[in-house]
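**Student:** I'd like to ask some things about the structure below.
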Amino acid sequence: MRIGIPYTGFDASGFGYGRTRSCPTYGAGYAAYMFGTSLNDTPTVNLFTGANDGRLIGSPGAVGLSSGPMATSFSGAITGGNLLTVTGTVSGDPLVIGQTIELATGAGGSLGIISSFGTGTGGAGTYNLTGGVNTPSSSMRAFTRCFEAPGFTRDIFNIGSALTLLAIYKAPINQGILMDDVNGGTMGMLVPAAFDIQTFGRDSASAVVNVSTSSGFVNGAATWSMGVSQYDLTAGQGFIQRSGPARVGSAVAGPRTSNPVGSTSRKLRTGYYTTITPAATVAGFAIYTKKLSSGEMDDAFVFWRDILSDVGEVL
């Protein structure tokens, strides 16, 4: 909440003070969420609809939801209600206390949370769970912190003929920001290099674009940016924006095969990563069922910039 102090002859409305401003929908808002105990105490509530429809694993920090250790693949079985037995190698990061276990496909939701080590200490062995679900030997994975947008990725894209993903993030290189699987997946946004944000939509044409920016946009774990990934049925494009440097856009990548981006079995999540332990932080994101115009991107930027500014952060 903001409190405005009126002064005679001074109009502060243009600064956004003295009023409560909603996340702009532009008539195409599908889902938007804000993370951080200083920003929002209901992180799973959709800013566009008011519905409690997002799935949060782990807890946000004061500002933003930081990625945490992720075991990307292992073979496991759950017996006796709360005993996980892991066989073979654990890919990605080791298993740790507090991770949520799920099937490798993400189907079925949580299979339990690791509460203590048994014979296992990160790799093969046994682990005690809370909320365990008996599961035969299956390919599994485990997350410490992430957020899952409602609906399957392809469901989101099929709502209209175009799609925009917008994320407020800070991240070093090789970090996933908003993606539908590890090691790339079929659609999303990631940080592949020091001066890039990447938009990818992998269909049979594998459209991928990197927004190569100037030194003013160098990525890092302490610097907030707004990344934007846009798709239509035949092409993709990406943008990056901060308060200092002007917004930079990529070339348009295409042609794409004229069919939806994404997969019917994958969900769009924050905190996925490609090759190293996750280190990205996401303060918020929004999904639109159209391509935002330049003016709309600027307007969305002002909304998120002002939210962060209220808690002493600079976008």
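Scheme for the structure tokens: letters A, B, ... for chains in order shown; per-chain residue numbers from 1; ligand numbers from 1 in order shown.
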Stretch 11-79 of chain A: which residues are strand (DSSP E or B) by DSSP, as a list in words?

**Tutor:**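 Strand (DSSP E or B) members of stretch 11-79 of chain A, listed: Gly29, Tyr30, Ala31, Ala32, Tyr33, Met34, Val45, Asn52, Arg55, Leu56, Ile57, Leu65, Ser66, Met70, Ala71, Thr72, Ser73, Phe74, Ser75, Gly76, Ala77, Ile78 and Thr79 of chain A.
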
**Student:** How close does each residue of stretch 60-94 of chain A get to stretch 274-296 of chain A, giving the shortest atom pair and distance in Å to one decimal for every residue with an atom at most 9 Å away, counting only C-alpha atoms, sorted by chain and residue number, as CSV?

**Tutor:**
residue,atom,partner,partner_atom,distance
A:Pro60,CA,A:Ala283,CA,8.9
A:Val63,CA,A:Ala283,CA,6.2
A:Gly64,CA,A:Ala283,CA,3.8
A:Leu65,CA,A:Val282,CA,5.2
A:Ser66,CA,A:Thr281,CA,4.1
A:Ser67,CA,A:Pro278,CA,5.4
A:Gly68,CA,A:Pro278,CA,5.8
A:Pro69,CA,A:Thr277,CA,6.3
A:Met70,CA,A:Thr277,CA,7.5
A:Gly92,CA,A:Thr277,CA,7.6
A:Asp93,CA,A:Thr277,CA,6.7

**Student:** Taking 5 positions as the minimum chain separation for residues in the same chain, which residues sit within 10 Å of A:Ala31 when counting only C-alpha atoms? Answer as JSON, numbers by chain.

**Tutor:** {"A": [25, 45, 46, 47, 48, 49, 50, 51, 53, 54, 149, 150, 151, 156, 165, 285, 286, 287, 288, 289]}

**Student:** With C-alpha atoms retained, export the selected residues as a compact mmCIF listing (two decimals), in the first residue's frame.

**Tutor:**
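selection00.txt, freshly written:
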# COMPACT_ATOMS: atom_id res chain seq x y z
CA THR A 25 -3.49 -7.08 -18.08
CA VAL A 45 -2.53 -15.86 -5.90
CA ASN A 46 -2.89 -14.89 -9.56
CA LEU A 47 -2.57 -11.10 -9.82
CA PHE A 48 -4.93 -11.10 -12.81
CA THR A 49 -7.75 -13.30 -11.55
CA GLY A 50 -7.39 -13.45 -7.77
CA ALA A 51 -7.45 -17.26 -7.96
CA ASP A 53 -3.87 -21.34 -8.74
CA GLY A 54 -0.06 -21.37 -8.70
CA ALA A 149 2.39 -21.64 -13.38
CA PRO A 150 -1.14 -23.02 -13.83
CA GLY A 151 -1.91 -25.10 -16.89
CA ILE A 156 -1.16 -21.58 -22.27
CA LEU A 165 6.42 -14.41 -21.05
CA PHE A 285 6.44 -12.95 -13.78
CA ALA A 286 3.44 -12.49 -16.03
CA ILE A 287 2.03 -14.46 -18.97
CA TYR A 288 0.00 -12.77 -21.69
CA THR A 289 -1.96 -14.40 -24.50

**Student:** List the neighbours of A:Asn128 out to 10 Å using only C-alpha atoms; skip same-chain residues closer than 4 positions along the sequence, and give me the result as a PyMOL selection string.

**Tutor:** chain A and resi 78+81-85+97+112-120+132

**Student:** May I ask which of the residues A:Gln175, A:Thr270, A:Ser161, A:Ser265 is the closest one to A:Thr234, counting only C-alpha atoms?

**Tutor:**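 Smallest separation from A:Thr234 among the options: A:Ser161.
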
**Student:** Between atom CA of A:Gly36 and atom CA of A:Leu166, what is the distance, to one decimal in Å?

**Tutor:**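 Spanning atom CA of A:Gly36 to atom CA of A:Leu166 is a straight-line distance of 17.2 Å.
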
**Student:** Closest to A:Ser263 among A:Gly88, A:Gly123, A:Gly236, A:Gly185, using only C-alpha atoms?

**Tutor:** A:Gly185

**Student:** Between A:Ala222, A:Ala300, A:Met187, A:Val209, which has the minimum distance to A:Gln241 (counting only C-alpha atoms)?

**Tutor:**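 Closest candidate: A:Ala300.
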
**Student:** Please measure the separation of atom CA of A:Ser250 and atom CA of A:Val208, giving the value in Å to one decimal.

**Tutor:**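 Going from atom CA of A:Ser250 over to atom CA of A:Val208, I get 10.5 Å.
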
**Student:** As a PyMOL selection string, list the residues of stretch 69-258 of chain A assigned to alpha helix (DSSP H) by DSSP on the backbone atoms of this structure.

**Tutor:** chain A and resi 153-158

**Student:** Store the residues picked out above in a file with N, CA and C atoms, as a tab-separated table (two decimals), in the first residue's frame.

**Tutor:**
chain	number	residue	atom	x	y	z
A	153	THR	N	2.06	-26.06	-20.52
A	153	THR	CA	2.63	-25.06	-21.42
A	153	THR	C	1.82	-24.93	-22.70
A	154	ARG	N	1.47	-26.06	-23.31
A	154	ARG	CA	0.74	-25.97	-24.58
A	154	ARG	C	-0.65	-25.39	-24.35
A	155	ASP	N	-1.26	-25.66	-23.20
A	155	ASP	CA	-2.56	-25.05	-22.91
A	155	ASP	C	-2.45	-23.53	-22.91
A	156	ILE	N	-1.37	-23.03	-22.30
A	156	ILE	CA	-1.16	-21.58	-22.27
A	156	ILE	C	-1.05	-21.03	-23.68
A	157	PHE	N	-0.24	-21.67	-24.50
A	157	PHE	CA	-0.03	-21.15	-25.85
A	157	PHE	C	-1.31	-21.23	-26.69
A	158	ASN	N	-2.07	-22.27	-26.52
A	158	ASN	CA	-3.25	-22.46	-27.36
A	158	ASN	C	-4.40	-21.51	-27.05

**Student:** Compare A:Ala221, A:Leu56, A:Leu268, A:Val302 by their minimum atom-to-atom distance to A:Val182, counting only C-alpha atoms, and give me the closest one.

**Tutor:**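 The shortest atom-to-atom distance to A:Val182 comes from A:Leu268.
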
**Student:** Give me, as a Markdown table, the closest atom pair and its distance (Å, one decimal) for every residue of stretch 117-227 of chain A within a cut-off of 12 Å of stretch 98-104 of chain A, counting only C-alpha atoms, rows sorted by chain and rising number.

**Tutor:**
| residue | atom | partner | partner_atom | distance |
| --- | --- | --- | --- | --- |
| A:Phe117 | CA | A:Gly98 | CA | 10.6 |
| A:Gly122 | CA | A:Gln99 | CA | 11.0 |
| A:Tyr127 | CA | A:Ile101 | CA | 10.9 |
| A:Asn128 | CA | A:Gly98 | CA | 10.7 |
| A:Leu129 | CA | A:Ile101 | CA | 9.0 |
| A:Thr130 | CA | A:Thr100 | CA | 9.6 |
| A:Gly131 | CA | A:Thr100 | CA | 9.9 |
| A:Gly132 | CA | A:Ile101 | CA | 8.9 |
| A:Val133 | CA | A:Ile101 | CA | 9.9 |
| A:Asn134 | CA | A:Glu102 | CA | 11.7 |
| A:Thr135 | CA | A:Leu103 | CA | 9.4 |
| A:Pro136 | CA | A:Leu103 | CA | 10.8 |
| A:Ser137 | CA | A:Leu103 | CA | 10.3 |
| A:Ser138 | CA | A:Leu103 | CA | 7.1 |
| A:Ser139 | CA | A:Ala104 | CA | 5.5 |
| A:Met140 | CA | A:Leu103 | CA | 4.3 |
| A:Arg141 | CA | A:Ala104 | CA | 5.3 |
| A:Ala142 | CA | A:Ile101 | CA | 4.5 |
| A:Phe143 | CA | A:Gln99 | CA | 5.1 |
| A:Thr144 | CA | A:Gln99 | CA | 4.5 |
| A:Arg145 | CA | A:Gln99 | CA | 7.9 |
| A:Cys146 | CA | A:Thr100 | CA | 10.0 |
| A:Asp181 | CA | A:Ala104 | CA | 9.9 |
| A:Val182 | CA | A:Ala104 | CA | 10.5 |
